[in-house]
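Asks: Sharing upload06.pdb (PDB, C-alpha atoms and all ligand atoms) below.
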ATOM      1  CA  MET Q  20       1.349  -0.778 -15.963  1.00  0.00           C
ATOM      2  CA  SER Q  21       3.846  -3.319 -17.237  1.00  0.00           C
ATOM      3  CA  ASP Q  22       5.832  -4.175 -14.121  1.00  0.00           C
ATOM      4  CA  LYS Q  23       3.723  -5.393 -11.223  1.00  0.00           C
ATOM      5  CA  LEU Q  24       4.376  -4.085  -7.703  1.00  0.00           C
ATOM      6  CA  ILE Q  25       4.203  -6.366  -4.676  1.00  0.00           C
ATOM      7  CA  VAL Q  26       4.363  -4.678  -1.270  1.00  0.00           C
ATOM      8  CA  GLY Q  27       4.443  -6.455   2.082  1.00  0.00           C
ATOM      9  CA  ASN Q  28       2.821  -4.676   5.013  1.00  0.00           C
ATOM     10  CA  TRP Q  29       4.302  -6.218   8.131  1.00  0.00           C
ATOM     11  CA  LYS Q  30       1.949  -4.213  10.360  1.00  0.00           C
ATOM     12  CA  MET Q  31       3.040  -4.405  14.056  1.00  0.00           C
ATOM     13  CA  ASN Q  32       5.011  -7.607  13.680  1.00  0.00           C
ATOM     14  CA  GLY Q  33       8.684  -8.490  13.754  1.00  0.00           C
ATOM     15  CA  GLY Q  34      11.819  -7.980  15.777  1.00  0.00           C
ATOM     16  CA  LEU Q  35      15.480  -7.504  14.953  1.00  0.00           C
ATOM     17  CA  ALA Q  36      16.335 -11.205  14.732  1.00  0.00           C
ATOM     18  CA  ALA Q  37      13.138 -12.303  12.987  1.00  0.00           C
ATOM     19  CA  ASN Q  38      13.378  -9.440  10.476  1.00  0.00           C
ATOM     20  CA  GLN Q  39      16.905 -10.401   9.598  1.00  0.00           C
ATOM     21  CA  ASP Q  40      15.913 -14.005   8.844  1.00  0.00           C
ATOM     22  CA  LEU Q  41      12.859 -12.930   6.846  1.00  0.00           C
ATOM     23  CA  LEU Q  42      14.746 -10.297   4.863  1.00  0.00           C
ATOM     24  CA  HIS Q  43      17.602 -12.625   3.992  1.00  0.00           C
ATOM     25  CA  ALA Q  44      15.168 -15.272   2.767  1.00  0.00           C
ATOM     26  CA  VAL Q  45      13.142 -12.755   0.746  1.00  0.00           C
ATOM     27  CA  MET Q  46      16.187 -11.102  -0.803  1.00  0.00           C
ATOM     28  CA  ALA Q  47      17.652 -14.494  -1.708  1.00  0.00           C
ATOM     29  CA  GLY Q  48      14.432 -15.343  -3.539  1.00  0.00           C
ATOM     30  CA  LEU Q  49      14.254 -12.157  -5.555  1.00  0.00           C
ATOM     31  CA  SER Q  50      16.845 -13.027  -8.180  1.00  0.00           C
ATOM     32  CA  GLY Q  51      14.305 -14.366 -10.679  1.00  0.00           C
ATOM     33  CA  ALA Q  52      11.661 -11.743  -9.975  1.00  0.00           C
ATOM     34  CA  SER Q  53      10.611  -9.467 -12.780  1.00  0.00           C
ATOM     35  CA  CYS Q  54       8.382  -7.267 -10.675  1.00  0.00           C
ATOM     36  CA  SER Q  55       9.046  -4.542  -8.127  1.00  0.00           C
ATOM     37  CA  VAL Q  56       9.030  -5.671  -4.500  1.00  0.00           C
ATOM     38  CA  ALA Q  57       8.934  -3.685  -1.262  1.00  0.00           C
ATOM     39  CA  VAL Q  58       8.236  -4.249   2.421  1.00  0.00           C
ATOM     40  CA  CYS Q  59       6.706  -1.701   4.774  1.00  0.00           C
ATOM     41  CA  ALA Q  60       8.140  -2.312   8.230  1.00  0.00           C
ATOM     42  CA  PRO Q  61       7.472  -0.764  11.645  1.00  0.00           C
ATOM     43  CA  ALA Q  62       9.379   2.546  11.532  1.00  0.00           C
ATOM     44  CA  LEU Q  63      11.895   1.500  14.207  1.00  0.00           C
ATOM     45  CA  TYR Q  64      13.225  -1.147  11.851  1.00  0.00           C
ATOM     46  CA  LEU Q  65      13.743   1.124   8.844  1.00  0.00           C
ATOM     47  CA  PRO Q  66      17.464   1.591   9.670  1.00  0.00           C
ATOM     48  CA  GLN Q  67      17.757  -2.208   9.705  1.00  0.00           C
ATOM     49  CA  LEU Q  68      16.183  -2.358   6.262  1.00  0.00           C
ATOM     50  CA  GLN Q  69      18.430   0.398   5.029  1.00  0.00           C
ATOM     51  CA  GLN Q  70      21.426  -1.558   6.249  1.00  0.00           C
ATOM     52  CA  LEU Q  71      20.393  -5.008   5.042  1.00  0.00           C
ATOM     53  CA  ALA Q  72      18.575  -4.247   1.790  1.00  0.00           C
ATOM     54  CA  ALA Q  73      20.540  -1.309   0.375  1.00  0.00           C
ATOM     55  CA  GLN Q  74      22.466  -3.482  -2.078  1.00  0.00           C
ATOM     56  CA  SER Q  75      19.459  -5.566  -3.105  1.00  0.00           C
ATOM     57  CA  ALA Q  76      16.483  -5.082  -5.403  1.00  0.00           C
ATOM     58  CA  LEU Q  77      14.201  -4.963  -2.371  1.00  0.00           C
ATOM     59  CA  ARG Q  78      12.703  -1.553  -1.625  1.00  0.00           C
ATOM     60  CA  TRP Q  79      11.262  -0.520   1.710  1.00  0.00           C
ATOM     61  CA  GLY Q  80       8.606   1.734   3.090  1.00  0.00           C
ATOM     62  CA  ALA Q  81       6.869   3.038   6.200  1.00  0.00           C
ATOM     63  CA  GLN Q  82       3.355   2.189   7.339  1.00  0.00           C
ATOM     64  CA  ASP Q  83       2.365   5.771   8.056  1.00  0.00           C
ATOM     65  CA  VAL Q  84       3.697   9.336   7.895  1.00  0.00           C
ATOM     66  CA  SER Q  85       2.758  12.506   9.741  1.00  0.00           C
ATOM     67  CA  ALA Q  86       0.378  14.982   8.128  1.00  0.00           C
ATOM     68  CA  HIS Q  87       2.614  17.721   9.550  1.00  0.00           C
ATOM     69  CA  GLU Q  88       5.934  18.909   8.259  1.00  0.00           C
ATOM     70  CA  GLN Q  89       7.721  19.287  11.621  1.00  0.00           C
ATOM     71  CA  GLY Q  90       7.270  20.667  15.115  1.00  0.00           C
ATOM     72  CA  ALA Q  91       5.332  19.908  18.289  1.00  0.00           C
ATOM     73  CA  PHE Q  92       3.691  16.632  17.284  1.00  0.00           C
ATOM     74  CA  THR Q  93       4.832  14.168  19.937  1.00  0.00           C
ATOM     75  CA  GLY Q  94       5.312  10.662  18.696  1.00  0.00           C
ATOM     76  CA  GLU Q  95       4.980  11.468  15.005  1.00  0.00           C
ATOM     77  CA  LEU Q  96       7.481  10.891  12.208  1.00  0.00           C
ATOM     78  CA  SER Q  97       7.822  13.346   9.354  1.00  0.00           C
ATOM     79  CA  ALA Q  98       8.234  12.429   5.712  1.00  0.00           C
ATOM     80  CA  ALA Q  99      11.684  14.090   5.702  1.00  0.00           C
ATOM     81  CA  MET Q 100      12.794  11.856   8.605  1.00  0.00           C
ATOM     82  CA  LEU Q 101      11.598   8.727   6.813  1.00  0.00           C
ATOM     83  CA  ARG Q 102      13.361   9.818   3.672  1.00  0.00           C
ATOM     84  CA  GLU Q 103      16.676   9.901   5.578  1.00  0.00           C
ATOM     85  CA  PHE Q 104      16.314   6.155   6.009  1.00  0.00           C
ATOM     86  CA  GLY Q 105      15.904   5.449   2.316  1.00  0.00           C
ATOM     87  CA  VAL Q 106      12.154   5.045   2.506  1.00  0.00           C
ATOM     88  CA  ARG Q 107      10.619   4.767  -0.951  1.00  0.00           C
ATOM     89  CA  TYR Q 108       6.961   4.253   0.014  1.00  0.00           C
ATOM     90  CA  ALA Q 109       4.638   5.248   2.840  1.00  0.00           C
ATOM     91  CA  ILE Q 110       1.279   3.586   3.321  1.00  0.00           C
ATOM     92  CA  VAL Q 111      -1.343   6.229   4.090  1.00  0.00           C
ATOM     93  CA  GLY Q 112      -4.968   5.766   5.093  1.00  0.00           C
ATOM     94  CA  HIS Q 113      -4.767   2.077   5.898  1.00  0.00           C
ATOM     95  CA  SER Q 114      -8.174   1.026   7.225  1.00  0.00           C
ATOM     96  CA  GLU Q 115      -6.564   0.096  10.556  1.00  0.00           C
ATOM     97  CA  ARG Q 116      -5.422   3.689  10.935  1.00  0.00           C
ATOM     98  CA  ARG Q 117      -8.747   5.079   9.785  1.00  0.00           C
ATOM     99  CA  GLN Q 118     -10.501   2.792  12.288  1.00  0.00           C
ATOM    100  CA  TYR Q 119      -8.218   2.902  15.349  1.00  0.00           C
ATOM    101  CA  HIS Q 120      -6.681   6.352  14.949  1.00  0.00           C
ATOM    102  CA  GLY Q 121      -9.643   8.265  13.556  1.00  0.00           C
ATOM    103  CA  GLU Q 122      -7.902   9.289  10.350  1.00  0.00           C
ATOM    104  CA  THR Q 123     -10.250  11.203   8.085  1.00  0.00           C
ATOM    105  CA  ASP Q 124     -10.127  11.476   4.298  1.00  0.00           C
ATOM    106  CA  THR Q 125      -8.650  14.966   4.692  1.00  0.00           C
ATOM    107  CA  VAL Q 126      -5.857  13.806   7.001  1.00  0.00           C
ATOM    108  CA  VAL Q 127      -5.056  10.942   4.642  1.00  0.00           C
ATOM    109  CA  ALA Q 128      -4.908  13.360   1.685  1.00  0.00           C
ATOM    110  CA  THR Q 129      -2.511  15.633   3.604  1.00  0.00           C
ATOM    111  CA  LYS Q 130      -0.307  12.686   4.548  1.00  0.00           C
ATOM    112  CA  ALA Q 131      -0.076  11.771   0.863  1.00  0.00           C
ATOM    113  CA  GLN Q 132       0.902  15.371   0.134  1.00  0.00           C
ATOM    114  CA  ARG Q 133       3.660  15.357   2.786  1.00  0.00           C
ATOM    115  CA  ALA Q 134       5.049  12.104   1.437  1.00  0.00           C
ATOM    116  CA  LEU Q 135       5.098  13.382  -2.156  1.00  0.00           C
ATOM    117  CA  ALA Q 136       6.823  16.604  -1.097  1.00  0.00           C
ATOM    118  CA  ALA Q 137       9.633  14.544   0.458  1.00  0.00           C
ATOM    119  CA  GLY Q 138      10.046  12.295  -2.572  1.00  0.00           C
ATOM    120  CA  ILE Q 139       8.222   9.339  -1.025  1.00  0.00           C
ATOM    121  CA  THR Q 140       5.511   7.508  -2.959  1.00  0.00           C
ATOM    122  CA  PRO Q 141       2.336   7.323  -0.883  1.00  0.00           C
ATOM    123  CA  ILE Q 142       0.402   4.070  -1.100  1.00  0.00           C
ATOM    124  CA  VAL Q 143      -3.099   5.407  -0.565  1.00  0.00           C
ATOM    125  CA  CYS Q 144      -5.478   2.795   0.831  1.00  0.00           C
ATOM    126  CA  VAL Q 145      -9.194   2.881   0.126  1.00  0.00           C
ATOM    127  CA  GLY Q 146     -11.861   0.310   0.836  1.00  0.00           C
ATOM    128  CA  GLU Q 147     -15.357  -0.309   2.122  1.00  0.00           C
ATOM    129  CA  THR Q 148     -16.502  -2.172   5.228  1.00  0.00           C
ATOM    130  CA  LEU Q 149     -18.777  -5.184   4.988  1.00  0.00           C
ATOM    131  CA  ALA Q 150     -21.758  -3.085   6.099  1.00  0.00           C
ATOM    132  CA  GLU Q 151     -21.012  -0.508   3.414  1.00  0.00           C
ATOM    133  CA  ARG Q 152     -20.744  -3.215   0.739  1.00  0.00           C
ATOM    134  CA  GLU Q 153     -23.972  -4.857   1.832  1.00  0.00           C
ATOM    135  CA  ALA Q 154     -25.740  -1.499   1.774  1.00  0.00           C
ATOM    136  CA  GLY Q 155     -24.577  -1.005  -1.843  1.00  0.00           C
ATOM    137  CA  HIS Q 156     -22.225   1.856  -0.947  1.00  0.00           C
ATOM    138  CA  THR Q 157     -18.893   0.458  -2.140  1.00  0.00           C
ATOM    139  CA  GLU Q 158     -18.547   2.793  -5.116  1.00  0.00           C
ATOM    140  CA  GLU Q 159     -19.525   5.873  -3.154  1.00  0.00           C
ATOM    141  CA  VAL Q 160     -17.091   5.090  -0.311  1.00  0.00           C
ATOM    142  CA  VAL Q 161     -13.982   4.344  -2.361  1.00  0.00           C
ATOM    143  CA  LYS Q 162     -14.631   7.285  -4.688  1.00  0.00           C
ATOM    144  CA  ARG Q 163     -15.017   9.652  -1.741  1.00  0.00           C
ATOM    145  CA  GLN Q 164     -11.773   8.401  -0.181  1.00  0.00           C
ATOM    146  CA  LEU Q 165      -9.826   8.791  -3.428  1.00  0.00           C
ATOM    147  CA  ALA Q 166     -11.461  12.121  -4.326  1.00  0.00           C
ATOM    148  CA  ALA Q 167      -9.990  13.743  -1.212  1.00  0.00           C
ATOM    149  CA  VAL Q 168      -6.483  12.680  -2.240  1.00  0.00           C
ATOM    150  CA  ILE Q 169      -7.002  13.894  -5.814  1.00  0.00           C
ATOM    151  CA  HIS Q 170      -8.391  17.209  -4.609  1.00  0.00           C
ATOM    152  CA  THR Q 171      -5.421  17.917  -2.313  1.00  0.00           C
ATOM    153  CA  ASN Q 172      -2.673  16.687  -4.625  1.00  0.00           C
ATOM    154  CA  GLY Q 173      -3.701  17.980  -8.061  1.00  0.00           C
ATOM    155  CA  HIS Q 174      -1.367  17.016 -10.871  1.00  0.00           C
ATOM    156  CA  CYS Q 175       0.980  15.177  -8.431  1.00  0.00           C
ATOM    157  CA  ILE Q 176      -1.660  12.468  -8.313  1.00  0.00           C
ATOM    158  CA  SER Q 177       0.165  10.645 -11.103  1.00  0.00           C
ATOM    159  CA  GLU Q 178       2.974   9.907  -8.599  1.00  0.00           C
ATOM    160  CA  ILE Q 179       0.863   7.959  -6.101  1.00  0.00           C
ATOM    161  CA  VAL Q 180       0.076   4.270  -5.722  1.00  0.00           C
ATOM    162  CA  VAL Q 181      -3.489   3.300  -4.808  1.00  0.00           C
ATOM    163  CA  ALA Q 182      -4.386   0.162  -2.860  1.00  0.00           C
ATOM    164  CA  TYR Q 183      -7.934  -1.134  -2.870  1.00  0.00           C
ATOM    165  CA  GLU Q 184      -8.319  -2.984   0.414  1.00  0.00           C
ATOM    166  CA  PRO Q 185     -11.879  -4.052   1.175  1.00  0.00           C
ATOM    167  CA  VAL Q 186     -12.009  -3.983   4.980  1.00  0.00           C
ATOM    168  CA  TRP Q 187     -13.981  -7.253   5.081  1.00  0.00           C
ATOM    169  CA  ALA Q 188     -11.130  -9.022   3.282  1.00  0.00           C
ATOM    170  CA  ILE Q 189      -8.300  -7.844   5.553  1.00  0.00           C
ATOM    171  CA  GLY Q 190      -6.966 -10.535   7.859  1.00  0.00           C
ATOM    172  CA  THR Q 191     -10.164 -12.583   7.422  1.00  0.00           C
ATOM    173  CA  GLY Q 192      -9.047 -15.128   4.837  1.00  0.00           C
ATOM    174  CA  LYS Q 193     -11.956 -13.906   2.683  1.00  0.00           C
ATOM    175  CA  THR Q 194     -10.139 -12.610  -0.401  1.00  0.00           C
ATOM    176  CA  ALA Q 195     -12.278 -10.580  -2.809  1.00  0.00           C
ATOM    177  CA  SER Q 196     -12.962 -12.518  -6.007  1.00  0.00           C
ATOM    178  CA  PRO Q 197     -10.981 -11.359  -9.033  1.00  0.00           C
ATOM    179  CA  GLU Q 198     -14.232 -10.014 -10.505  1.00  0.00           C
ATOM    180  CA  GLN Q 199     -15.155  -8.092  -7.345  1.00  0.00           C
ATOM    181  CA  ALA Q 200     -11.683  -6.579  -7.139  1.00  0.00           C
ATOM    182  CA  GLN Q 201     -11.486  -5.750 -10.864  1.00  0.00           C
ATOM    183  CA  GLN Q 202     -14.871  -4.037 -10.720  1.00  0.00           C
ATOM    184  CA  VAL Q 203     -13.659  -1.605  -8.049  1.00  0.00           C
ATOM    185  CA  HIS Q 204     -10.235  -1.169  -9.662  1.00  0.00           C
ATOM    186  CA  ALA Q 205     -11.942  -0.167 -12.929  1.00  0.00           C
ATOM    187  CA  LEU Q 206     -13.934   2.480 -11.058  1.00  0.00           C
ATOM    188  CA  LEU Q 207     -10.772   3.822  -9.424  1.00  0.00           C
ATOM    189  CA  ARG Q 208      -8.926   3.859 -12.763  1.00  0.00           C
ATOM    190  CA  ALA Q 209     -11.778   5.813 -14.349  1.00  0.00           C
ATOM    191  CA  GLN Q 210     -11.704   8.310 -11.489  1.00  0.00           C
ATOM    192  CA  LEU Q 211      -7.945   8.735 -11.893  1.00  0.00           C
ATOM    193  CA  LYS Q 212      -8.329   9.125 -15.664  1.00  0.00           C
ATOM    194  CA  ALA Q 213     -10.683  12.018 -15.112  1.00  0.00           C
ATOM    195  CA  ALA Q 214      -7.986  13.641 -12.929  1.00  0.00           C
ATOM    196  CA  THR Q 215      -4.806  13.010 -14.921  1.00  0.00           C
ATOM    197  CA  ALA Q 216      -3.677  11.970 -18.366  1.00  0.00           C
ATOM    198  CA  GLN Q 217      -1.142   9.705 -16.607  1.00  0.00           C
ATOM    199  CA  ALA Q 218      -3.718   7.457 -14.931  1.00  0.00           C
ATOM    200  CA  GLN Q 219      -2.555   4.362 -16.758  1.00  0.00           C
ATOM    201  CA  ARG Q 220       0.839   4.457 -15.064  1.00  0.00           C
ATOM    202  CA  ILE Q 221      -0.581   4.685 -11.545  1.00  0.00           C
ATOM    203  CA  ALA Q 222      -0.222   1.290  -9.876  1.00  0.00           C
ATOM    204  CA  LEU Q 223      -3.497   0.011  -8.450  1.00  0.00           C
ATOM    205  CA  LEU Q 224      -2.791  -2.673  -5.850  1.00  0.00           C
ATOM    206  CA  TYR Q 225      -5.257  -5.121  -4.365  1.00  0.00           C
ATOM    207  CA  GLY Q 226      -4.981  -5.969  -0.664  1.00  0.00           C
ATOM    208  CA  GLY Q 227      -6.985  -8.252   1.608  1.00  0.00           C
ATOM    209  CA  SER Q 228      -6.037 -11.878   2.370  1.00  0.00           C
ATOM    210  CA  MET Q 229      -4.091 -12.141  -0.877  1.00  0.00           C
ATOM    211  CA  ASN Q 230      -2.108 -15.379  -0.812  1.00  0.00           C
ATOM    212  CA  ALA Q 231      -0.052 -17.736  -2.922  1.00  0.00           C
ATOM    213  CA  ALA Q 232      -3.156 -19.565  -4.149  1.00  0.00           C
ATOM    214  CA  ASP Q 233      -5.233 -16.626  -5.328  1.00  0.00           C
ATOM    215  CA  ALA Q 234      -2.558 -14.103  -6.340  1.00  0.00           C
ATOM    216  CA  ALA Q 235      -2.283 -15.182  -9.981  1.00  0.00           C
ATOM    217  CA  SER Q 236      -5.987 -14.845 -10.747  1.00  0.00           C
ATOM    218  CA  LEU Q 237      -6.179 -11.431  -9.074  1.00  0.00           C
ATOM    219  CA  LEU Q 238      -3.029 -10.174 -10.787  1.00  0.00           C
ATOM    220  CA  ALA Q 239      -4.383 -11.303 -14.178  1.00  0.00           C
ATOM    221  CA  GLN Q 240      -7.133  -8.678 -14.019  1.00  0.00           C
ATOM    222  CA  THR Q 241      -6.793  -5.693 -16.339  1.00  0.00           C
ATOM    223  CA  ASP Q 242      -6.647  -3.040 -13.635  1.00  0.00           C
ATOM    224  CA  ILE Q 243      -4.839  -4.951 -10.882  1.00  0.00           C
ATOM    225  CA  ASP Q 244      -1.199  -3.892 -11.019  1.00  0.00           C
ATOM    226  CA  GLY Q 245       0.037  -5.561  -7.875  1.00  0.00           C
ATOM    227  CA  GLY Q 246      -0.709  -6.458  -4.291  1.00  0.00           C
ATOM    228  CA  LEU Q 247      -0.457  -5.113  -0.750  1.00  0.00           C
ATOM    229  CA  ILE Q 248       0.145  -8.177   1.354  1.00  0.00           C
ATOM    230  CA  GLY Q 249      -0.357  -8.445   5.112  1.00  0.00           C
ATOM    231  CA  GLY Q 250      -0.184 -11.882   6.748  1.00  0.00           C
ATOM    232  CA  ALA Q 251       1.429 -13.629   3.790  1.00  0.00           C
ATOM    233  CA  SER Q 252       4.311 -11.125   3.786  1.00  0.00           C
ATOM    234  CA  LEU Q 253       5.533 -12.458   7.148  1.00  0.00           C
ATOM    235  CA  LYS Q 254       6.576 -15.817   5.687  1.00  0.00           C
ATOM    236  CA  ALA Q 255       9.259 -15.691   3.023  1.00  0.00           C
ATOM    237  CA  ALA Q 256       7.918 -18.679   1.079  1.00  0.00           C
ATOM    238  CA  ASP Q 257       4.377 -17.286   0.914  1.00  0.00           C
ATOM    239  CA  PHE Q 258       5.540 -13.801   0.011  1.00  0.00           C
ATOM    240  CA  LEU Q 259       7.885 -15.124  -2.666  1.00  0.00           C
ATOM    241  CA  SER Q 260       5.082 -17.232  -4.200  1.00  0.00           C
ATOM    242  CA  ILE Q 261       3.099 -14.039  -4.679  1.00  0.00           C
ATOM    243  CA  VAL Q 262       6.178 -12.336  -6.134  1.00  0.00           C
ATOM    244  CA  ALA Q 263       6.523 -15.279  -8.530  1.00  0.00           C
ATOM    245  CA  ALA Q 264       2.871 -14.982  -9.562  1.00  0.00           C
ATOM    246  CA  ALA Q 265       3.485 -11.295 -10.300  1.00  0.00           C
ATOM    247  CA  SER Q 266       6.573 -12.061 -12.352  1.00  0.00           C
ATOM    248  CA  HIS Q 267       4.757 -13.942 -15.142  1.00  0.00           C
TER     249      HIS Q 267
HETATM  250  P1  LIG A 301      -3.909  -9.385   5.007  1.00  0.00           P
HETATM  251  O1  LIG A 301      -3.152  -9.771   3.762  1.00  0.00           O
HETATM  252  O2  LIG A 301      -3.350  -9.960   6.259  1.00  0.00           O
HETATM  253  O3  LIG A 301      -5.387  -9.610   4.836  1.00  0.00           O
HETATM  254  O4  LIG A 301      -3.723  -7.798   5.173  1.00  0.00           O
HETATM  255  C1  LIG A 301      -3.945  -6.975   4.088  1.00  0.00           C
HETATM  256  C2  LIG A 301      -3.538  -5.605   4.446  1.00  0.00           C
HETATM  257  O5  LIG A 301      -4.157  -4.960   5.266  1.00  0.00           O
HETATM  258  C3  LIG A 301      -2.323  -5.068   3.808  1.00  0.00           C
HETATM  259  O6  LIG A 301      -2.169  -3.716   4.061  1.00  0.00           O
END
Produce structure tokens that represent the structure in this file.

Replies:
Amino acid sequence: MSDKLIVGNWKMNGGLAANQDLLHAVMAGLSGASCSVAVCAPALYLPQLQQLAAQSALRWGAQDVSAHEQGAFTGELSAAMLREFGVRYAIVGHSERRQYHGETDTVVATKAQRALAAGITPIVCVGETLAEREAGHTEEVVKRQLAAVIHTNGHCISEIVVAYEPVWAIGTGKTASPEQAQQVHALLRAQLKAATAQAQRIALLYGGSMNAADAASLLAQTDIDGGLIGGASLKAADFLSIVAAASH
């Protein structure tokens, strides 16, 4: 990967007025950026992004997508609907959705498939809990999560983005060390290489308390191609510092 990819995940934060301020500040700061930048907003605000960011370098995405194509699935949003609002990315399998919405590896793999079929790049999240890490199961967990997506998506796997988000690092201020993150990214890269000749062009993002201070050392690792940023994506200055670190 040459160009880094920095993606903000706003989670369930924001509002029309606050989004407008944040987006204007972020877009104004993107002129010197030499990396790709996107924000994944609550779905209700995707039309706002489409309106405000269409003429800018900023891309946008959704935080989830239905595993179904269409029909009687109350409350869900299909990949085709998201696509109508210019959505470029959809996060799938975020640990918060696995934890609070019972999403299984199979559901996550199908969501990735629906996104790809609609021309949306799925950002597939994998990551172990603290208990799993302490029990020595990190490798087994992340490989199992990614294997399901590879199995369901076959050769299309080269079109996905993968985000390694150790659950213990999300929203805790406990960023993984560059060595810890690189170790897992190398495992994921090897797994992707076994599945596709295009593995080198698949962006592997790190996510979990990434901030302005530690972004550069994480992004310097061989297999870290970018970041998926939660809390720090809600403040333009913090987000833009990470973008700057990715632009070197
Ligand atoms: P934080 O950056 O707030 O730890 O969140 C990371 C994350 O979950 C991004 O998807």

Asks: Taking the file above as input, evaluate the PyMOL selection byres (((chain Q and resi 22) around 12) and not hetatm) and report the hits as JSON, numbers by chain.

Replies: {"Q": [20, 21, 23, 24, 25, 52, 53, 54, 55, 56, 220, 221, 222, 223, 238, 243, 244, 245, 262, 265, 266, 267]}

Asks: Could you state which residues are captured by the PyMOL selection byres (((chain Q and resi 255) around 8) and not hetatm) in this file, as an MDAnalysis selection string?

Replies: chainID Q and resid 41:42 44:45 252:254 256:259

Asks: Give as a VMD selection string the residues that the PyMOL selection byres (((chain Q and resi 63-65) around 9) and not hetatm) matches when applied to the coordinates above.

Replies: chain Q and resid 33 to 35 38 59 to 62 66 to 70 79 to 81 101 104 to 106

Asks: Just want the residues within 9 Å of ligand LIG 301 (chain A), written as a PyMOL selection string, counting only C-alpha atoms and all ligand atoms.

Replies: chain Q and resi 26-30+82+110+113-115+144+182+184-194+225-230+246-252

Asks: Write out, as a PDB file, in the frame of the given file, the residues just selected, with C-alpha atoms.

Replies:
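Saved file again06.pdb follows:
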ATOM      1  CA  VAL Q  26       4.363  -4.678  -1.270  1.00  0.00           C
ATOM      2  CA  GLY Q  27       4.443  -6.455   2.082  1.00  0.00           C
ATOM      3  CA  ASN Q  28       2.821  -4.676   5.013  1.00  0.00           C
ATOM      4  CA  TRP Q  29       4.302  -6.218   8.131  1.00  0.00           C
ATOM      5  CA  LYS Q  30       1.949  -4.213  10.360  1.00  0.00           C
ATOM      6  CA  GLN Q  82       3.355   2.189   7.339  1.00  0.00           C
ATOM      7  CA  ILE Q 110       1.279   3.586   3.321  1.00  0.00           C
ATOM      8  CA  HIS Q 113      -4.767   2.077   5.898  1.00  0.00           C
ATOM      9  CA  SER Q 114      -8.174   1.026   7.225  1.00  0.00           C
ATOM     10  CA  GLU Q 115      -6.564   0.096  10.556  1.00  0.00           C
ATOM     11  CA  CYS Q 144      -5.478   2.795   0.831  1.00  0.00           C
ATOM     12  CA  ALA Q 182      -4.386   0.162  -2.860  1.00  0.00           C
ATOM     13  CA  GLU Q 184      -8.319  -2.984   0.414  1.00  0.00           C
ATOM     14  CA  PRO Q 185     -11.879  -4.052   1.175  1.00  0.00           C
ATOM     15  CA  VAL Q 186     -12.009  -3.983   4.980  1.00  0.00           C
ATOM     16  CA  TRP Q 187     -13.981  -7.253   5.081  1.00  0.00           C
ATOM     17  CA  ALA Q 188     -11.130  -9.022   3.282  1.00  0.00           C
ATOM     18  CA  ILE Q 189      -8.300  -7.844   5.553  1.00  0.00           C
ATOM     19  CA  GLY Q 190      -6.966 -10.535   7.859  1.00  0.00           C
ATOM     20  CA  THR Q 191     -10.164 -12.583   7.422  1.00  0.00           C
ATOM     21  CA  GLY Q 192      -9.047 -15.128   4.837  1.00  0.00           C
ATOM     22  CA  LYS Q 193     -11.956 -13.906   2.683  1.00  0.00           C
ATOM     23  CA  THR Q 194     -10.139 -12.610  -0.401  1.00  0.00           C
ATOM     24  CA  TYR Q 225      -5.257  -5.121  -4.365  1.00  0.00           C
ATOM     25  CA  GLY Q 226      -4.981  -5.969  -0.664  1.00  0.00           C
ATOM     26  CA  GLY Q 227      -6.985  -8.252   1.608  1.00  0.00           C
ATOM     27  CA  SER Q 228      -6.037 -11.878   2.370  1.00  0.00           C
ATOM     28  CA  MET Q 229      -4.091 -12.141  -0.877  1.00  0.00           C
ATOM     29  CA  ASN Q 230      -2.108 -15.379  -0.812  1.00  0.00           C
ATOM     30  CA  GLY Q 246      -0.709  -6.458  -4.291  1.00  0.00           C
ATOM     31  CA  LEU Q 247      -0.457  -5.113  -0.750  1.00  0.00           C
ATOM     32  CA  ILE Q 248       0.145  -8.177   1.354  1.00  0.00           C
ATOM     33  CA  GLY Q 249      -0.357  -8.445   5.112  1.00  0.00           C
ATOM     34  CA  GLY Q 250      -0.184 -11.882   6.748  1.00  0.00           C
ATOM     35  CA  ALA Q 251       1.429 -13.629   3.790  1.00  0.00           C
ATOM     36  CA  SER Q 252       4.311 -11.125   3.786  1.00  0.00           C
TER      37      SER Q 252
END

Asks: From (-2.2, 11.9, 5.0), in the file's coordinates, out to 6 Å: which residues are reached, counting all atoms listed in the file? Answer as a ChimeraX atom specification.

Replies: /Q:86,111,126-131

Asks: Under the rule that all atoms listed in the file are counted, which of Q:Tyr183, Q:Leu224, Q:Leu96, Q:Ala213 is the nearest residue to Thr148 in chain Q?

Replies: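 Ranked by minimum distance to Thr148 in chain Q, first place goes to Q:Tyr183.
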
Asks: To one decimal in Å, tell me the separation between CA of Leu165 in chain Q and CA of Leu211 in chain Q.

Replies: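 So the answer is 8.7 Å.
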
Asks: Take CA of Glu103 in chain Q and CA of Arg117 in chain Q and report the distance between them in Å, one decimal.

Replies: 26.2 Å

Asks: Show which residues sit within 12 Å of Gly94 in chain Q, as a PyMOL selection string. Count only C-alpha atoms, and ignore same-chain residues fewer than 5 positions away.

Replies: chain Q and resi 62+84-85+87+89
